[in-house]
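Engineer: I have a structure here, written as structure tokens, and I will follow up with some questions on it.
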Amino acid sequence: MQDVMDIEVKPLSSNCGAEILGVDLSKELSKAVIDKIKQAWLDHLVIVIRDQKIDQEQQLRFAAHFGPLGERKKAPDALAARTEGIYQTDKRVLLVSNIKVDGKSVGAFGDGDMWFHIDSGYAEKPYNYTFLYAVELPKTGGNTLFSNMYNAYNALSTEMKQKLAGKKALHIHEYKRSERVDLKEDLSGSPHYFHPVFATHPQTKRKSLFVDRLMTRRIEGLPLAESEAILEQLYEIGERKEFLYEHEWRLGDVVAWDNRCTIHARTWFDPAERRLLRRCAIDGAPIYE
Ligand code: OGA
Ligand code: MN
């Protein structure tokens, strides 16, 4: 059993992100170690654990310390990977990959960049946490960016905070990854949900801005033009460089984030290169202001 004394928490930026050193996720972790990680996670929003050699079961065992493992919300059969080492049918695991076998994707989220988003923000109960483990990586690119949305909330003017207090916004599932949903389309086939614009984190009790460019599409109770103008401002504040941590992946990295107080995005990478991350998530709860 690893000793909590061996664990070190090293901030990766002044905005969010901390590396946890001295843990081996292939082994069972003590309660003291898990508690230390929980506290680091509350403080830093995104945790990074490098140089891990873990199989799927070990990843799920680690994640399960932080709550009930979520099942994929969409199209599990269509997204089940179809081949050899990356064969995947467990509903608690999603492969994030651009790899194709016989012309068919083995995973989700394909090639290219992804706009900032909250995972399953379109659901009534968005995931509390998401975990990614790097299995195959391109030489460069495909970095994951995280933003501290407590800071984004704090950066809003008093007037904006007052204006949006008590308001909800519509989050719509968007599978295109770098485009907004057309509000004129029929939304009945797209999962969607209204969440408060400001979310109070159940543990830290801090308020964050709960809005993202990819899926937050409309503020309830405002004329469309005003909603559009305000949302554009909110996206920009959330994506300010001064709130970001950019993760450059290395093989064996585990990166996990708290979806209630961060948004994340992905930078472009060469589609001729293979990228494969193993993902799992923890079920969440309704969001309250
Ligand atoms: C995700 C995600 C980003 C990436 O798995 O939810 O947004 O870098 N992934 O692939
Ligand atoms: Mn995501």
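Starting from 1 in every chain, residues are counted up; chains themselves are A, B, ... following the order of the structure tokens, and ligands are numbered from 1 as listed.
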Give me the residues near Met160 of chain A as a list of chain:residue names, where near means some atom within 12 Å (using only C-alpha atoms) and where sequence neighbours in that chain fewer than 3 positions away do not count.
Structural biologist: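 Using only C-alpha atoms, the neighbours found are A:Ala152, A:Tyr153, A:Asn154, A:Ala155, A:Leu156, A:Ser157, A:Lys163, A:Leu164, A:Ala165, A:Gly166, A:Lys167, A:Val197, A:Phe198, A:Leu209, A:Ile230, A:Leu231, A:Gln233, A:Leu234, A:Ile237.
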Engineer: Suppose we keep N, CA and C atoms; can you now write the selection as a CSV table (one decimal), in the first residue's frame?
Structural biologist:
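This went into part38.csv:
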```csv
chain,number,residue,atom,x,y,z
A,152,ALA,N,-13.6,32.4,-14.3
A,152,ALA,CA,-14.4,33.1,-15.3
A,152,ALA,C,-15.6,33.7,-14.6
A,153,TYR,N,-16.2,33.1,-13.6
A,153,TYR,CA,-17.3,33.7,-12.9
A,153,TYR,C,-16.9,34.9,-12.2
A,154,ASN,N,-15.7,34.8,-11.5
A,154,ASN,CA,-15.2,36.0,-10.8
A,154,ASN,C,-14.9,37.2,-11.7
A,155,ALA,N,-14.6,36.9,-13.0
A,155,ALA,CA,-14.2,37.9,-13.9
A,155,ALA,C,-15.4,38.7,-14.4
A,156,LEU,N,-16.6,38.2,-14.2
A,156,LEU,CA,-17.8,38.9,-14.7
A,156,LEU,C,-18.1,40.2,-14.0
A,157,SER,N,-18.6,41.1,-14.7
A,157,SER,CA,-19.0,42.4,-14.0
A,157,SER,C,-20.1,42.1,-13.0
A,163,LYS,N,-27.6,40.4,-13.8
A,163,LYS,CA,-28.4,40.1,-14.9
A,163,LYS,C,-28.7,38.6,-15.1
A,164,LEU,N,-27.7,37.8,-14.9
A,164,LEU,CA,-27.8,36.4,-15.2
A,164,LEU,C,-28.2,35.6,-13.9
A,165,ALA,N,-28.2,36.2,-12.8
A,165,ALA,CA,-28.6,35.5,-11.6
A,165,ALA,C,-30.0,34.8,-11.7
A,166,GLY,N,-30.1,33.6,-11.4
A,166,GLY,CA,-31.4,32.9,-11.5
A,166,GLY,C,-31.7,32.4,-12.9
A,167,LYS,N,-30.9,32.8,-13.9
A,167,LYS,CA,-31.2,32.4,-15.3
A,167,LYS,C,-30.7,31.0,-15.6
A,197,VAL,N,-27.1,29.2,-15.4
A,197,VAL,CA,-25.9,29.8,-16.0
A,197,VAL,C,-24.7,29.8,-15.0
A,198,PHE,N,-25.1,29.9,-13.7
A,198,PHE,CA,-24.0,29.9,-12.7
A,198,PHE,C,-24.3,28.6,-11.9
A,209,LEU,N,-19.0,29.7,-13.8
A,209,LEU,CA,-19.8,30.0,-15.0
A,209,LEU,C,-20.0,28.6,-15.7
A,230,ILE,N,-24.8,38.0,-25.3
A,230,ILE,CA,-24.2,37.7,-24.0
A,230,ILE,C,-23.5,36.4,-24.0
A,231,LEU,N,-24.0,35.4,-24.7
A,231,LEU,CA,-23.3,34.1,-24.7
A,231,LEU,C,-22.0,34.3,-25.3
A,233,GLN,N,-20.0,36.8,-25.2
A,233,GLN,CA,-19.2,37.4,-24.2
A,233,GLN,C,-18.8,36.3,-23.2
A,234,LEU,N,-19.7,35.5,-22.8
A,234,LEU,CA,-19.4,34.5,-21.8
A,234,LEU,C,-18.5,33.4,-22.3
A,237,ILE,N,-15.0,35.0,-22.2
A,237,ILE,CA,-14.4,35.1,-20.8
A,237,ILE,C,-14.0,33.7,-20.4
```
Engineer: Run DSSP on the backbone and grab whatever in segment 72-226 of chain A lands in alpha helix (DSSP H); send it over as a list of chain:residue names.
Structural biologist: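 The residues of segment 72-226 of chain A classed as alpha helix (DSSP H) are A:Pro76, A:Asp77, A:Ala78, A:Leu79, A:Met149, A:Tyr150, A:Asn151, A:Ala152, A:Tyr153, A:Asn154, A:Thr158, A:Glu159, A:Met160, A:Lys161, A:Gln162, A:Lys163, A:Leu164, A:Leu224, A:Ala225, A:Glu226.
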Engineer: Let's have the selection written as a short mmCIF file (atom, residue, chain, number, x, y, z; two decimals), in the first residue's frame, with N, CA and C atoms.
Structural biologist:
```cif
data_model
loop_
_atom_site.label_atom_id
_atom_site.label_comp_id
_atom_site.auth_asym_id
_atom_site.auth_seq_id
_atom_site.Cartn_x
_atom_site.Cartn_y
_atom_site.Cartn_z
N PRO A 76 -24.13 3.35 -27.54
CA PRO A 76 -23.03 2.46 -27.17
C PRO A 76 -22.70 1.43 -28.25
N ASP A 77 -23.72 0.89 -28.94
CA ASP A 77 -23.42 -0.15 -29.92
C ASP A 77 -22.64 0.41 -31.09
N ALA A 78 -23.10 1.56 -31.56
CA ALA A 78 -22.45 2.14 -32.73
C ALA A 78 -21.01 2.54 -32.41
N LEU A 79 -20.75 2.89 -31.16
CA LEU A 79 -19.41 3.35 -30.81
C LEU A 79 -18.52 2.25 -30.24
N MET A 149 -13.39 27.74 -14.44
CA MET A 149 -14.63 28.50 -14.58
C MET A 149 -15.07 29.21 -13.29
N TYR A 150 -14.39 28.93 -12.18
CA TYR A 150 -14.59 29.79 -11.00
C TYR A 150 -14.00 31.15 -11.34
N ASN A 151 -12.82 31.13 -11.93
CA ASN A 151 -12.17 32.40 -12.29
C ASN A 151 -13.00 33.15 -13.32
N ALA A 152 -13.59 32.41 -14.26
CA ALA A 152 -14.42 33.05 -15.27
C ALA A 152 -15.61 33.74 -14.60
N TYR A 153 -16.22 33.06 -13.63
CA TYR A 153 -17.34 33.67 -12.92
C TYR A 153 -16.88 34.94 -12.21
N ASN A 154 -15.75 34.84 -11.54
CA ASN A 154 -15.25 36.01 -10.79
C ASN A 154 -14.91 37.18 -11.70
N THR A 158 -20.23 42.99 -12.03
CA THR A 158 -21.33 42.88 -11.07
C THR A 158 -22.66 42.95 -11.81
N GLU A 159 -22.69 43.81 -12.80
CA GLU A 159 -23.92 43.99 -13.58
C GLU A 159 -24.31 42.67 -14.29
N MET A 160 -23.32 42.02 -14.87
CA MET A 160 -23.59 40.75 -15.57
C MET A 160 -24.01 39.67 -14.59
N LYS A 161 -23.36 39.64 -13.43
CA LYS A 161 -23.75 38.65 -12.41
C LYS A 161 -25.20 38.85 -12.00
N GLN A 162 -25.57 40.12 -11.84
CA GLN A 162 -26.96 40.41 -11.44
C GLN A 162 -27.93 40.03 -12.55
N LYS A 163 -27.55 40.38 -13.76
CA LYS A 163 -28.44 40.14 -14.89
C LYS A 163 -28.73 38.65 -15.09
N LEU A 164 -27.70 37.84 -14.86
CA LEU A 164 -27.84 36.41 -15.16
C LEU A 164 -28.19 35.56 -13.93
N LEU A 224 -33.61 36.67 -28.37
CA LEU A 224 -32.54 35.88 -29.00
C LEU A 224 -31.28 36.70 -29.25
N ALA A 225 -31.45 37.92 -29.77
CA ALA A 225 -30.25 38.72 -30.11
C ALA A 225 -29.44 39.03 -28.85
N GLU A 226 -30.14 39.32 -27.77
CA GLU A 226 -29.42 39.62 -26.53
C GLU A 226 -28.76 38.36 -25.97
#
```
Engineer: Go through the chains and note each residue within 8 Å of ligand 2, using only C-alpha atoms and all ligand atoms, then give the set as a list of chain:residue names.
Structural biologist: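 Checked against 8 Å with only C-alpha atoms and all ligand atoms; the hits are A:His117, A:Ile118, A:Asp119, A:Ser120, A:Thr130, A:His264, A:Ala265.
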Engineer: List all protein, DNA and RNA residues that have an atom no more than 10 Å from any atom of ligand 1, counting only C-alpha atoms and all ligand atoms, and report them as a PyMOL selection string.
Structural biologist: chain A and resi 94-98+108-120+129-134+141-146+177+247-249+255-257+259+263-268+275-281
Engineer: Can you list, as a PyMOL selection string, every protein, DNA or RNA residue that comes within 12 Å of segment 181-195 of chain A when you count only C-alpha atoms, leaving out same-chain residues fewer than 5 positions away?
Structural biologist: chain A and resi 73-74+118+120-126+166-176+200+209-221+224+228+260+285-289
